[in-house]
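One file, target.cif, carrying mmCIF, C-alpha atoms and all ligand atoms:
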```cif
data_coords
loop_
_atom_site.label_atom_id
_atom_site.label_comp_id
_atom_site.auth_asym_id
_atom_site.auth_seq_id
_atom_site.Cartn_x
_atom_site.Cartn_y
_atom_site.Cartn_z
CA MET A 1 -17.02 41.41 37.30
CA VAL A 2 -17.59 37.74 36.59
CA ARG A 3 -18.25 36.88 32.94
CA VAL A 4 -21.22 34.64 32.58
CA PRO A 5 -20.52 31.92 30.03
CA GLU A 6 -22.94 31.46 27.20
CA PRO A 7 -25.56 28.82 27.83
CA LEU A 8 -24.38 25.38 26.76
CA SER A 9 -27.43 24.81 24.61
CA ARG A 10 -26.45 27.77 22.48
CA VAL A 11 -22.84 26.73 22.17
CA ARG A 12 -23.83 23.21 21.23
CA GLY A 13 -26.67 24.29 18.95
CA ARG A 14 -26.52 25.70 15.46
CA ALA A 15 -26.02 29.27 16.60
CA ALA A 16 -22.36 28.65 17.45
CA PHE A 17 -21.44 27.52 13.94
CA THR A 18 -21.33 30.60 11.87
CA SER A 19 -19.90 29.36 8.56
CA ARG A 20 -22.65 28.53 6.12
CA LEU A 21 -20.42 25.90 4.55
CA HIS A 22 -21.51 23.47 7.27
CA ASP A 23 -23.92 22.55 4.58
CA GLU A 24 -25.63 19.52 3.09
CA ARG A 25 -24.52 20.23 -0.44
CA VAL A 26 -20.84 20.49 0.50
CA ALA A 27 -21.14 17.37 2.66
CA ALA A 28 -22.80 15.49 -0.21
CA TRP A 29 -20.07 16.23 -2.76
CA LEU A 30 -17.29 15.49 -0.30
CA GLY A 31 -19.12 12.30 0.64
CA ILE A 32 -19.21 11.15 -2.98
CA ALA A 33 -15.48 11.83 -3.39
CA LEU A 34 -14.68 10.02 -0.13
CA GLY A 35 -16.86 7.05 -1.07
CA LEU A 36 -14.94 6.65 -4.34
CA SER A 37 -11.55 7.07 -2.60
CA PHE A 38 -12.28 4.50 0.09
CA ALA A 39 -13.71 2.03 -2.44
CA THR A 40 -10.51 2.37 -4.51
CA ALA A 41 -8.32 1.99 -1.42
CA PHE A 42 -10.28 -1.10 -0.36
CA VAL A 43 -9.97 -2.86 -3.72
CA THR A 44 -6.27 -2.03 -4.20
CA GLY A 45 -5.61 -2.94 -0.55
CA LEU A 46 -7.21 -6.36 -1.03
CA ILE A 47 -5.08 -6.90 -4.15
CA SER A 48 -1.95 -6.16 -2.15
CA HIS A 49 -3.04 -8.35 0.76
CA PHE A 50 -3.95 -11.36 -1.37
CA MET A 51 -0.84 -11.09 -3.53
CA GLN A 52 1.20 -11.47 -0.34
CA HIS A 53 -1.09 -14.02 1.32
CA PRO A 54 -2.90 -15.92 -1.43
CA PRO A 55 -5.32 -18.63 -0.29
CA GLY A 56 -4.47 -21.98 -1.91
CA TRP A 57 -6.85 -21.59 -4.86
CA MET A 58 -5.72 -18.09 -5.76
CA VAL A 59 -2.93 -17.74 -8.32
CA TRP A 60 -1.80 -14.32 -9.51
CA PRO A 61 -0.63 -13.74 -13.06
CA SER A 62 2.91 -12.47 -13.63
CA ARG A 63 1.72 -9.87 -16.14
CA PRO A 64 1.18 -7.01 -16.74
CA VAL A 65 4.68 -6.35 -15.43
CA ASN A 66 3.71 -3.06 -13.77
CA LEU A 67 0.28 -4.03 -12.45
CA TYR A 68 1.21 -4.14 -8.77
CA ARG A 69 3.29 -1.02 -9.17
CA PHE A 70 0.12 0.71 -10.40
CA THR A 71 -2.39 -0.70 -7.90
CA GLN A 72 -0.15 -0.08 -4.90
CA GLY A 73 0.86 3.39 -6.10
CA LEU A 74 -2.86 4.16 -6.42
CA HIS A 75 -3.50 2.77 -2.93
CA VAL A 76 -0.84 4.84 -1.20
CA ILE A 77 -0.88 8.07 -3.22
CA GLY A 78 -4.70 7.99 -3.42
CA GLY A 79 -4.83 7.41 0.34
CA LEU A 80 -2.62 10.45 0.93
CA ALA A 81 -4.81 12.62 -1.32
CA THR A 82 -7.84 11.46 0.69
CA ILE A 83 -6.52 13.10 3.87
CA PRO A 84 -7.55 16.68 2.89
CA LEU A 85 -10.93 15.37 1.70
CA LEU A 86 -11.61 13.69 5.03
CA LEU A 87 -10.50 16.75 7.01
CA ALA A 88 -12.80 18.97 4.93
CA LYS A 89 -15.72 16.60 5.38
CA LEU A 90 -15.20 16.41 9.15
CA TRP A 91 -15.04 20.19 9.32
CA THR A 92 -18.24 20.48 7.29
CA VAL A 93 -20.24 18.07 9.44
CA TYR A 94 -18.76 18.57 12.90
CA PRO A 95 -21.69 20.71 14.14
CA LYS A 96 -23.75 17.55 13.71
CA LEU A 97 -21.26 15.57 15.76
CA LEU A 98 -21.87 17.96 18.68
CA GLN A 99 -25.66 18.08 18.29
CA TRP A 100 -27.82 18.38 21.40
CA PRO A 101 -29.41 16.30 22.77
CA PRO A 102 -26.86 13.70 21.69
CA VAL A 103 -29.41 10.91 21.36
CA ARG A 104 -33.05 11.30 20.43
CA SER A 105 -34.19 7.71 19.90
CA ALA A 106 -32.92 4.16 19.57
CA GLY A 107 -32.66 4.55 15.79
CA HIS A 108 -30.78 7.79 16.20
CA ALA A 109 -28.39 6.11 18.67
CA ILE A 110 -27.57 3.39 16.13
CA GLU A 111 -27.04 6.00 13.43
CA ARG A 112 -24.62 7.88 15.67
CA ILE A 113 -22.68 4.75 16.57
CA LEU A 114 -22.35 4.05 12.85
CA VAL A 115 -21.03 7.56 12.24
CA PHE A 116 -18.57 7.09 15.08
CA VAL A 117 -17.27 3.84 13.54
CA LEU A 118 -17.03 5.58 10.16
CA VAL A 119 -15.09 8.57 11.48
CA ALA A 120 -12.83 6.54 13.77
CA GLY A 121 -12.19 3.90 11.09
CA SER A 122 -11.37 6.49 8.40
CA LEU A 123 -9.01 8.39 10.67
CA PHE A 124 -7.36 5.17 11.82
CA GLN A 125 -6.73 3.95 8.26
CA LEU A 126 -5.36 7.25 6.99
CA VAL A 127 -3.22 8.01 10.06
CA THR A 128 -1.70 4.53 10.43
CA GLY A 129 -1.12 4.36 6.67
CA LEU A 130 0.64 7.71 6.72
CA PHE A 131 2.82 6.72 9.71
CA ASN A 132 3.66 3.42 8.04
CA ILE A 133 4.94 4.93 4.81
CA ALA A 134 6.90 7.44 6.92
CA TYR A 135 8.59 4.48 8.72
CA TRP A 136 7.27 5.63 12.06
CA TYR A 137 5.68 2.94 14.22
CA PRO A 138 4.48 4.57 17.42
CA PHE A 139 1.59 2.08 17.75
CA PRO A 140 1.76 -1.15 19.73
CA PHE A 141 0.14 -3.34 17.04
CA PHE A 142 1.38 -4.86 13.79
CA PHE A 143 0.39 -2.39 11.09
CA PRO A 144 -0.58 -4.73 8.19
CA THR A 145 -2.93 -6.81 10.37
CA ALA A 146 -4.63 -3.81 11.98
CA HIS A 147 -4.91 -1.92 8.67
CA TYR A 148 -6.33 -5.00 6.94
CA TRP A 149 -9.05 -5.84 9.47
CA THR A 150 -10.07 -2.24 10.06
CA ALA A 151 -10.66 -1.98 6.30
CA TYR A 152 -13.54 -4.49 6.52
CA ILE A 153 -15.12 -2.69 9.49
CA LEU A 154 -14.80 0.64 7.71
CA ILE A 155 -16.19 -0.61 4.40
CA GLY A 156 -19.10 -2.27 6.23
CA ALA A 157 -19.95 0.99 7.98
CA LEU A 158 -19.50 2.89 4.72
CA VAL A 159 -21.91 0.63 2.81
CA VAL A 160 -24.62 1.13 5.47
CA HIS A 161 -23.92 4.88 5.54
CA VAL A 162 -24.15 5.22 1.75
CA THR A 163 -27.38 3.21 1.75
CA ASN A 164 -28.86 5.51 4.40
CA GLU A 165 -27.75 8.73 2.74
CA TRP A 166 -28.15 7.81 -0.92
CA ALA A 167 -31.62 9.33 -1.48
CA LYS A 168 -30.70 12.57 0.30
CA VAL A 169 -27.39 12.96 -1.51
CA ARG A 170 -29.04 12.29 -4.86
CA ARG A 171 -31.71 14.90 -4.19
CA THR A 172 -29.12 17.41 -3.02
CA VAL A 173 -26.75 17.13 -5.93
CA MET A 174 -29.53 16.90 -8.56
CA THR A 175 -31.23 20.18 -7.55
CA ARG A 176 -29.82 23.60 -8.25
CA PRO A 177 -28.81 25.58 -5.17
CA GLU A 178 -30.86 28.74 -4.55
CA ASP A 179 -28.09 30.66 -2.85
CA GLY A 180 -24.59 31.47 -4.03
CA LEU A 181 -22.76 30.31 -0.95
CA GLY A 182 -19.16 30.03 -2.16
CA ARG A 183 -19.40 26.25 -1.99
CA ARG A 184 -17.69 25.88 -5.33
CA GLY A 185 -14.68 27.85 -4.11
CA PHE A 186 -14.45 25.70 -0.97
CA LEU A 187 -14.73 22.42 -2.87
CA LEU A 188 -12.17 23.57 -5.44
CA THR A 189 -9.78 24.47 -2.61
CA VAL A 190 -10.19 20.99 -1.12
CA ALA A 191 -9.68 19.39 -4.54
CA ALA A 192 -6.56 21.54 -5.04
CA ALA A 193 -5.20 20.40 -1.66
CA GLY A 194 -5.68 16.77 -2.74
CA GLY A 195 -4.03 17.60 -6.07
CA ILE A 196 -1.01 19.16 -4.38
CA VAL A 197 -0.57 16.11 -2.13
CA THR A 198 -0.68 13.90 -5.24
CA LEU A 199 1.75 16.05 -7.24
CA THR A 200 4.30 16.20 -4.43
CA THR A 201 4.26 12.44 -3.78
CA VAL A 202 3.41 10.63 -7.01
CA GLY A 203 6.99 11.05 -8.25
CA GLU A 204 8.06 8.25 -5.87
CA ALA A 205 6.26 5.87 -8.23
CA PHE A 206 5.98 7.78 -11.50
CA SER A 207 9.44 8.85 -12.51
CA PRO A 208 8.61 11.73 -14.91
CA LEU A 209 7.34 13.63 -11.84
CA ALA A 210 10.25 12.55 -9.60
CA LYS A 211 11.52 16.12 -9.22
CA LEU A 212 8.24 17.22 -7.64
CA ALA A 213 8.18 14.44 -5.04
CA VAL A 214 9.28 16.71 -2.18
CA LEU A 215 6.83 15.14 0.29
CA ALA A 216 7.55 11.53 -0.64
CA PRO A 217 9.40 9.43 1.95
CA ARG A 218 11.37 7.64 -0.80
CA ARG A 219 13.01 9.42 -3.69
CA ARG A 220 14.16 8.19 -7.02
CA GLY A 221 17.89 8.02 -7.45
CA VAL A 222 18.55 8.07 -3.67
CA GLY A 223 20.40 4.93 -2.57
CA PRO A 224 23.18 2.71 -3.92
CA GLN A 225 23.00 2.20 -7.71
CA GLY A 226 20.23 4.80 -7.86
CA LEU A 227 17.69 2.59 -6.09
CA PRO A 228 16.15 3.07 -2.64
CA VAL A 229 16.88 0.46 0.03
CA ASN A 230 14.43 -0.61 2.72
CA LYS A 231 16.68 -2.96 4.64
CA SER A 232 20.43 -2.68 4.34
CA ALA A 233 22.79 -5.66 4.49
CA ALA A 234 24.07 -4.41 7.85
CA ALA A 235 20.53 -4.17 9.28
CA ALA A 236 19.80 -7.68 8.02
CA GLY A 237 23.05 -8.98 9.55
CA VAL A 238 24.29 -10.56 6.32
CA THR A 239 27.43 -8.56 5.51
CA THR A 240 29.79 -11.46 6.34
CA ALA A 241 27.69 -14.30 4.89
CA ALA A 242 27.03 -12.37 1.66
CA ARG A 243 30.77 -11.90 1.03
CA ASP A 244 31.79 -15.43 2.00
CA PRO A 245 33.87 -16.95 -0.86
CA ASP A 246 32.32 -20.32 0.02
CA TYR A 247 28.82 -19.02 -0.73
CA ARG A 248 26.66 -21.59 -2.53
CA LEU A 249 23.16 -21.20 -3.91
CA LEU A 250 21.27 -24.40 -3.08
CA VAL A 251 18.42 -25.72 -5.20
CA THR A 252 16.80 -28.45 -3.18
CA GLY A 253 13.51 -30.11 -2.11
CA ARG A 254 11.48 -32.10 -4.64
CA VAL A 255 14.09 -31.98 -7.39
CA GLN A 256 15.66 -34.67 -9.59
CA ARG A 257 19.14 -33.17 -9.14
CA GLU A 258 20.21 -30.97 -6.24
CA LEU A 259 22.33 -27.98 -7.21
CA ALA A 260 24.94 -26.09 -5.21
CA LEU A 261 26.24 -23.17 -7.26
CA SER A 262 29.02 -20.77 -6.43
CA LEU A 263 28.90 -17.16 -7.56
CA ASP A 264 31.28 -18.08 -10.43
CA ASP A 265 28.95 -20.94 -11.44
CA LEU A 266 26.02 -18.52 -11.49
CA ASN A 267 27.95 -15.98 -13.55
CA ALA A 268 28.87 -18.72 -16.04
CA LEU A 269 25.19 -19.65 -16.71
CA PRO A 270 23.28 -18.09 -19.64
CA SER A 271 22.46 -14.56 -18.60
CA HIS A 272 19.36 -12.52 -19.37
CA THR A 273 18.36 -8.93 -18.87
CA ALA A 274 14.94 -7.59 -17.88
CA ARG A 275 13.57 -4.15 -17.13
CA LEU A 276 11.50 -4.62 -13.95
CA PRO A 277 10.33 -2.42 -11.09
CA ILE A 278 10.78 -2.81 -7.37
CA ALA A 279 7.29 -1.89 -6.19
CA CYS A 280 7.22 -1.56 -2.41
CA VAL A 281 3.95 -1.99 -0.50
CA GLU A 282 4.68 1.45 0.90
CA GLY A 283 3.86 2.93 -2.50
CA TRP A 284 7.29 3.89 -3.84
CA SER A 285 8.58 2.05 -6.86
CA ALA A 286 11.61 2.22 -9.10
CA GLY A 287 12.31 0.60 -12.44
CA ALA A 288 15.76 -0.90 -13.04
CA THR A 289 17.58 -3.07 -15.53
CA TRP A 290 18.38 -6.44 -13.97
CA THR A 291 20.74 -9.07 -15.34
CA GLY A 292 21.10 -12.61 -14.07
CA VAL A 293 19.97 -16.21 -14.36
CA ARG A 294 16.39 -17.11 -15.20
CA LEU A 295 14.81 -18.87 -12.24
CA ARG A 296 13.12 -21.28 -14.65
CA ASP A 297 16.50 -22.23 -16.22
CA LEU A 298 17.81 -23.19 -12.77
CA LEU A 299 14.68 -25.16 -11.97
CA HIS A 300 14.82 -26.96 -15.33
CA MET A 301 18.47 -27.86 -14.58
CA ALA A 302 17.27 -29.36 -11.31
CA GLY A 303 14.47 -31.23 -13.09
CA VAL A 304 11.42 -29.58 -11.55
CA SER A 305 7.84 -30.03 -12.81
CA GLU A 306 6.05 -26.96 -14.21
CA ASP A 307 3.40 -26.75 -11.48
CA ALA A 308 5.68 -26.83 -8.42
CA ARG A 309 5.63 -24.09 -5.81
CA ILE A 310 8.98 -22.58 -4.95
CA ARG A 311 10.22 -21.16 -1.69
CA ILE A 312 13.05 -18.66 -1.78
CA GLU A 313 15.20 -18.22 1.33
CA SER A 314 17.64 -15.50 2.24
CA LEU A 315 20.96 -15.58 4.06
CA GLU A 316 19.18 -13.32 6.53
CA ARG A 317 18.65 -15.21 9.82
CA GLY A 318 15.57 -13.51 11.23
CA GLY A 319 13.25 -10.90 9.82
CA LEU A 320 9.75 -11.07 8.38
CA TYR A 321 10.86 -10.95 4.76
CA ARG A 322 13.65 -13.51 4.71
CA THR A 323 11.56 -15.94 2.62
CA SER A 324 8.97 -15.70 -0.13
CA TRP A 325 6.84 -17.99 -2.25
CA VAL A 326 7.03 -18.08 -6.02
CA ASP A 327 4.01 -19.62 -7.75
CA PRO A 328 4.22 -21.33 -11.17
CA PRO A 329 3.11 -18.34 -13.29
CA HIS A 330 5.92 -16.31 -11.77
CA TRP A 331 8.79 -18.77 -11.86
CA ASN A 332 7.90 -19.95 -15.38
CA ASP A 333 7.96 -16.34 -16.59
CA PRO A 334 11.12 -15.68 -18.63
CA LEU A 335 11.44 -12.27 -16.94
CA THR A 336 11.83 -13.78 -13.47
CA LEU A 337 15.52 -13.66 -12.58
CA LEU A 338 17.94 -14.38 -9.83
CA ALA A 339 19.67 -11.09 -10.52
CA LEU A 340 23.44 -10.76 -10.24
CA GLN A 341 23.60 -7.24 -11.64
CA VAL A 342 21.52 -4.11 -11.63
CA ASN A 343 21.86 -1.22 -14.07
CA GLY A 344 24.97 -2.79 -15.58
CA ALA A 345 27.03 -3.36 -12.41
CA PRO A 346 27.24 -6.22 -9.87
CA LEU A 347 24.54 -5.96 -7.21
CA ASP A 348 25.41 -3.74 -4.28
CA LEU A 349 25.49 -5.55 -0.93
CA ASP A 350 22.37 -3.57 0.06
CA HIS A 351 20.52 -4.69 -3.05
CA GLY A 352 21.03 -8.38 -2.32
CA HIS A 353 24.53 -9.44 -3.40
CA PRO A 354 25.35 -12.26 -4.29
CA CYS A 355 21.89 -12.62 -5.89
CA ARG A 356 18.31 -11.47 -5.44
CA LEU A 357 14.96 -12.49 -6.78
CA ILE A 358 13.31 -10.07 -9.17
CA ALA A 359 10.00 -10.95 -10.83
CA PRO A 360 7.27 -9.05 -12.67
CA ASN A 361 3.99 -7.96 -11.02
CA ARG A 362 4.99 -8.68 -7.43
CA PRO A 363 5.18 -6.68 -4.19
CA GLY A 364 8.67 -5.50 -3.15
CA VAL A 365 8.53 -7.52 0.07
CA MET A 366 8.50 -10.67 -2.06
CA GLN A 367 11.59 -9.71 -4.08
CA THR A 368 13.91 -11.54 -1.68
CA LYS A 369 17.49 -10.31 -1.33
CA TRP A 370 20.66 -12.28 -0.45
CA VAL A 371 19.13 -15.51 -1.77
CA SER A 372 20.80 -18.65 -0.45
CA LYS A 373 18.29 -21.42 -1.03
CA VAL A 374 15.58 -22.35 -3.52
CA THR A 375 13.32 -25.09 -2.19
CA VAL A 376 10.87 -26.94 -4.45
CA VAL A 377 7.68 -27.95 -2.66
N1 LIG A 401 15.99 -10.80 2.61
C1 LIG A 401 15.24 -9.70 2.49
N2 LIG A 401 14.81 -9.31 1.28
C2 LIG A 401 14.04 -8.19 1.12
C3 LIG A 401 13.67 -7.41 2.24
C4 LIG A 401 14.14 -7.85 3.52
O1 LIG A 401 13.86 -7.22 4.56
N3 LIG A 401 14.91 -8.99 3.60
N4 LIG A 401 12.92 -6.27 2.07
C5 LIG A 401 12.06 -6.25 0.89
C6 LIG A 401 11.39 -5.00 0.64
S1 LIG A 401 10.22 -4.51 1.76
C7 LIG A 401 11.60 -4.25 -0.51
S2 LIG A 401 10.63 -2.94 -0.93
C8 LIG A 401 12.70 -4.58 -1.43
C9 LIG A 401 13.59 -3.37 -1.56
O2 LIG A 401 14.55 -3.66 -2.49
P1 LIG A 401 15.84 -2.76 -2.71
O3 LIG A 401 16.51 -2.61 -1.38
O4 LIG A 401 16.66 -3.47 -3.69
O5 LIG A 401 15.36 -1.45 -3.23
O6 LIG A 401 13.47 -5.67 -0.97
C10 LIG A 401 12.75 -6.72 -0.39
N5 LIG A 401 13.64 -7.82 -0.12
MO MO A 402 8.90 -2.94 0.77
#
```
Any chance you could put this one into structure tokens?
Ligand SMILES: Nc1nc2c(c(=O)[nH]1)N[C@H]1C(S)=C(S)[C@@H](COP(=O)(O)O)O[C@H]1N2
Ligand SMILES: [Mo]
Amino acid sequence: MVRVPEPLSRVRGRAAFTSRLHDERVAAWLGIALGLSFATAFVTGLISHFMQHPPGWMVWPSRPVNLYRFTQGLHVIGGLATIPLLLAKLWTVYPKLLQWPPVRSAGHAIERILVFVLVAGSLFQLVTGLFNIAYWYPFPFFFPTAHYWTAYILIGALVVHVTNEWAKVRRTVMTRPEDGLGRRGFLLTVAAAGGIVTLTTVGEAFSPLAKLAVLAPRRRGVGPQGLPVNKSAAAAGVTTAARDPDYRLLVTGRVQRELALSLDDLNALPSHTARLPIACVEGWSAGATWTGVRLRDLLHMAGVSEDARIRIESLERGGLYRTSWVDPPHWNDPLTLLALQVNGAPLDLDHGHPCRLIAPNRPGVMQTKWVSKVTVV
């Protein structure tokens, strides 16, 4: 006997979705949580972007020391905790995604396109972000650029969506439900899933919870001198140059006196110690005790004016992060060092031997390792 399939209209209509949690009240609460998460991710993401690519008029302060560590930790860990929220929301509303007929009017078509952009944009941001912090780049585009521009599209769609839904959501959450549907249990489960993601990753930035960070791609204490390494000296191709006895640190550009300092010269200069974090854009961070020469002492020796911009260059030949800019608030800060030691021992080759830049409130990608040249612009 041939089994007759159920009519499509039934499968695509409400009848096929038996759980009563495909429900406006659940969708409204999850929507509020997602709106707050994406707003937070957007703001912290812009902070990270503009710290790395400041337009000419924008100057970032060098304090508080741990500000970037906090905003970027929030961006990444908060983004991870958003994944269960988004999955729950998609599950709650997916009967609507399959509604029949798919388009009822021009207005309805626009609304559905908006929802498509919202769903696709959210999934894209969370999935590419997750792959990026896991050091997996299966996509053909450059992650920071794609993640940055998609954020504007997503936030645009989100603002329109919130405007459209605001009155309904308000009404829904302000009235008492008449039925006891088990919504609270479902929402608590989703919140717990987000909480577990946070607890098992936040230790990569917040050391008291380091032991719980079983899902974090970077762990505290793993790596030479107890600090994680993103790019090793071998990967950067600097192992020979970094150990060259003829190494000189050049201070050049718009200076009154050019300097060329050997490692012994650097070690003979007044040394200072600062407790500063490496705060990677990928969300992990680690505090360490750095000892070395103040960048501002070197620049004063070279006779540089207070408002100059400084370019730091690495021995590394290629690579996206071989140079970084240091603006006046950062290089005038007494905590900004060309570090020669970390945690009481000479820098490991992988941490930037002979010397590395370390400055407060700055993304890890701008803490240049294997420094060979300081150019005053
Ligand atoms: N020259 C150079 N410096 C660099 C990098 C690099 O690729 N090349 N990577 C940066 C990044 S992304 C981070 S997070 C920190 C990591 O520092 P660590 O290896 O000392 O932990 O170094 C930064 N300094
Ligand atoms: Mo990084």
Query - Closest of A:Met301, A:Met366, A:Val281, A:Ile358 to ligand MO 402 (chain A) - atom-to-atom distances counting only C-alpha atoms and all ligand atoms - result: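 Residue with the minimum atom-to-atom distance to ligand MO 402 (chain A): A:Val281.
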Near ligand LIG 401 (chain A), 10 Å: chain A residue rows, closest pairs, all atoms listed in the file, as a Markdown table:
```
| residue | atom | partner | partner_atom | distance |
| --- | --- | --- | --- | --- |
| A:Gly223 | CA | A:LIG401 | O5 | 8.2 |
| A:Pro224 | CA | A:LIG401 | O5 | 8.9 |
| A:Gln225 | CA | A:LIG401 | O4 | 9.4 |
| A:Gly226 | CA | A:LIG401 | O5 | 9.2 |
| A:Leu227 | CA | A:LIG401 | O5 | 5.5 |
| A:Pro228 | CA | A:LIG401 | O5 | 4.6 |
| A:Val229 | CA | A:LIG401 | O3 | 3.4 |
| A:Asn230 | CA | A:LIG401 | O3 | 5.0 |
| A:Lys231 | CA | A:LIG401 | O1 | 5.1 |
| A:Ser232 | CA | A:LIG401 | O3 | 6.9 |
| A:Ala233 | CA | A:LIG401 | N3 | 8.6 |
| A:Ala235 | CA | A:LIG401 | O1 | 8.7 |
| A:Ala236 | CA | A:LIG401 | N3 | 6.7 |
| A:Val238 | CA | A:LIG401 | N1 | 9.1 |
| A:Pro277 | CA | A:LIG401 | O5 | 9.4 |
| A:Ile278 | CA | A:LIG401 | O2 | 6.2 |
| A:Ala279 | CA | A:LIG401 | S2 | 6.3 |
| A:Cys280 | CA | A:LIG401 | S2 | 4.0 |
| A:Val281 | CA | A:LIG401 | S2 | 6.8 |
| A:Glu282 | CA | A:LIG401 | S2 | 7.6 |
| A:Gly283 | CA | A:LIG401 | S2 | 9.1 |
| A:Trp284 | CA | A:LIG401 | S2 | 8.1 |
| A:Ser285 | CA | A:LIG401 | S2 | 8.0 |
| A:Ala286 | CA | A:LIG401 | O5 | 7.9 |
| A:Gly287 | CA | A:LIG401 | O5 | 9.9 |
| A:Ala288 | CA | A:LIG401 | O4 | 9.7 |
| A:Ile312 | CA | A:LIG401 | N1 | 9.5 |
| A:Glu313 | CA | A:LIG401 | N1 | 7.6 |
| A:Ser314 | CA | A:LIG401 | N1 | 5.0 |
| A:Leu315 | CA | A:LIG401 | N1 | 7.0 |
| A:Glu316 | CA | A:LIG401 | N1 | 5.6 |
| A:Arg317 | CA | A:LIG401 | N1 | 8.9 |
| A:Gly318 | CA | A:LIG401 | N3 | 8.9 |
| A:Gly319 | CA | A:LIG401 | O1 | 6.4 |
| A:Leu320 | CA | A:LIG401 | O1 | 6.8 |
| A:Tyr321 | CA | A:LIG401 | N3 | 4.6 |
| A:Arg322 | CA | A:LIG401 | N1 | 4.2 |
| A:Thr323 | CA | A:LIG401 | N1 | 6.8 |
| A:Ser324 | CA | A:LIG401 | N2 | 8.8 |
| A:Val342 | CA | A:LIG401 | O4 | 9.3 |
| A:Leu347 | CA | A:LIG401 | O4 | 9.0 |
| A:Asp348 | CA | A:LIG401 | O4 | 8.8 |
| A:Leu349 | CA | A:LIG401 | O3 | 9.5 |
| A:Asp350 | CA | A:LIG401 | O3 | 6.1 |
| A:His351 | CA | A:LIG401 | O4 | 4.1 |
| A:Gly352 | CA | A:LIG401 | O4 | 6.7 |
| A:His353 | CA | A:LIG401 | O4 | 9.9 |
| A:Arg356 | CA | A:LIG401 | N2 | 7.9 |
| A:Leu357 | CA | A:LIG401 | N5 | 8.2 |
| A:Ile358 | CA | A:LIG401 | O4 | 9.2 |
| A:Pro363 | CA | A:LIG401 | S2 | 7.4 |
| A:Gly364 | CA | A:LIG401 | S2 | 3.9 |
| A:Val365 | CA | A:LIG401 | C5 | 3.8 |
| A:Met366 | CA | A:LIG401 | C10 | 6.0 |
| A:Gln367 | CA | A:LIG401 | N5 | 4.8 |
| A:Thr368 | CA | A:LIG401 | N2 | 3.8 |
| A:Lys369 | CA | A:LIG401 | N2 | 3.9 |
| A:Trp370 | CA | A:LIG401 | N1 | 5.8 |
| A:Val371 | CA | A:LIG401 | N1 | 7.2 |
| A:Ser372 | CA | A:LIG401 | N1 | 9.7 |
```
Report task. Rank nothing, just name the residue among A:Val251, A:Val59, A:Ala241, A:Leu215 nearest to A:Thr375, using all atoms listed in the file. Result -> A:Val251
Query - Residue contacts of A:Tyr247 (9 Å, all atoms listed in the file) excluding same-chain residues fewer than 5 positions away, as JSON, numbers by chain - result: {"A": [241, 242, 261, 262, 263, 354, 372]}
Query - Atom pair atom CA of A:Leu86 / atom CA of A:Thr128: separation (Å) - result: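 It comes out at 14.5 Å.
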Query - Selected residue, from A:Gly182, A:Pro54, A:Pro329, A:Pro138, that lies nearest to A:Leu295 when counting all atoms listed in the file - result: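 Answer, going by the shortest atom-to-atom distance: A:Pro329.
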Query raised in the report: Which protein, DNA or RNA residues are at most 12 Å from (-33.2, 2.8, 10.9) in the file's coordinates when you count only C-alpha atoms, listed as a list in words?
Result: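 The distance filter leaves exactly Ser105, Ala106, Gly107, His108, Ala109, Ile110, Glu111, Arg112, Leu114, Val160, His161, Thr163, Asn164 and Glu165 of chain A.
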Query raised in the report: To one decimal place, how far is atom CA of A:Gly78 from atom CA of A:Lys168 in Å?
Result: 26.7 Å
Query raised in the report: For ligand MO 402 (chain A), which of A:Leu74, A:Met174, A:Ala27, A:Ile133 is the closest residue, counting all atoms listed in the file?
Result: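 Among A:Leu74, A:Met174, A:Ala27, A:Ile133, it is A:Ile133 that comes nearest to ligand MO 402 (chain A).
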Report task. In Å, rounded to a single decimal, give me how far atom CA of A:Asn332 is from atom CA of A:Asp265. Result ->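 These atoms are spaced 21.4 Å apart.
Among the candidates A:Pro328, A:Gly221, A:Pro61, A:Gly121, the residue lying nearest to A:Gly203 is A:Gly221 (atoms considered: only C-alpha atoms).
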Query raised in the report: Of the residues A:His75, A:Arg243, A:Arg104, A:Arg218, which is the one nearest to ligand MO 402 (chain A), using all atoms listed in the file?
Result: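 So, comparing all the options, the nearest one is A:Arg218.
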**Report entry** Expected residue set, 9 Å radius at (1.9, -2.2, -9.9), all atoms listed in the file, as a list of chain:residue names
**Finding:**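 Checking each residue against the 9 Å limit leaves A:Pro64, A:Val65, A:Asn66, A:Leu67, A:Tyr68, A:Arg69, A:Phe70, A:Thr71, A:Gln72, A:Gly73, A:Leu74, A:Pro277, A:Ala279, A:Ser285, A:Asn361, A:Arg362, A:Pro363.
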Query raised in the report: Contacts of A:Asp297 at 12 Å or less, counting all atoms listed in the file, minus same-chain residues fewer than 3 places along, as a PyMOL selection string?
Result: chain A and resi 251+266+269-272+292-294+300-304+306+331-338
Query - Close residues, A:Val117 itself excluded, 8 Å, all atoms listed in the file, min 2 positions apart in chain, as a list in words - result: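 Here the answer would be Ile113, Leu114, Val115, Val119, Ala120, Gly121, Ile153, Leu154 and Ala157 of chain A.
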**Report entry** Exercise: A:Ser19 partners within 12 Å, all atoms listed in the file, chain neighbours under 2 positions left out, as a VMD selection string
**Finding:** chain A and resid 14 to 17 21 to 23 91 to 95 181 to 183 186
Requested in this report: Extract, using only C-alpha atoms, all DNA, RNA and protein residues at most 9 Å from A:Thr252, discarding same-chain residues fewer than 6 positions from it, and format them as a PyMOL selection string.
Outcome: chain A and resi 258-260+302+373-376
Exercise on stretch 352-367 of chain A, axis-aligned box with 6 Å per side, report centre and edge lengths in Å to one decimal, as lines of an AutoDock Vina configuration file:
```
center_x = 14.7
center_y = -9.1
center_z = -6.3
size_x = 33.4
size_y = 19.1
size_z = 24.7
```
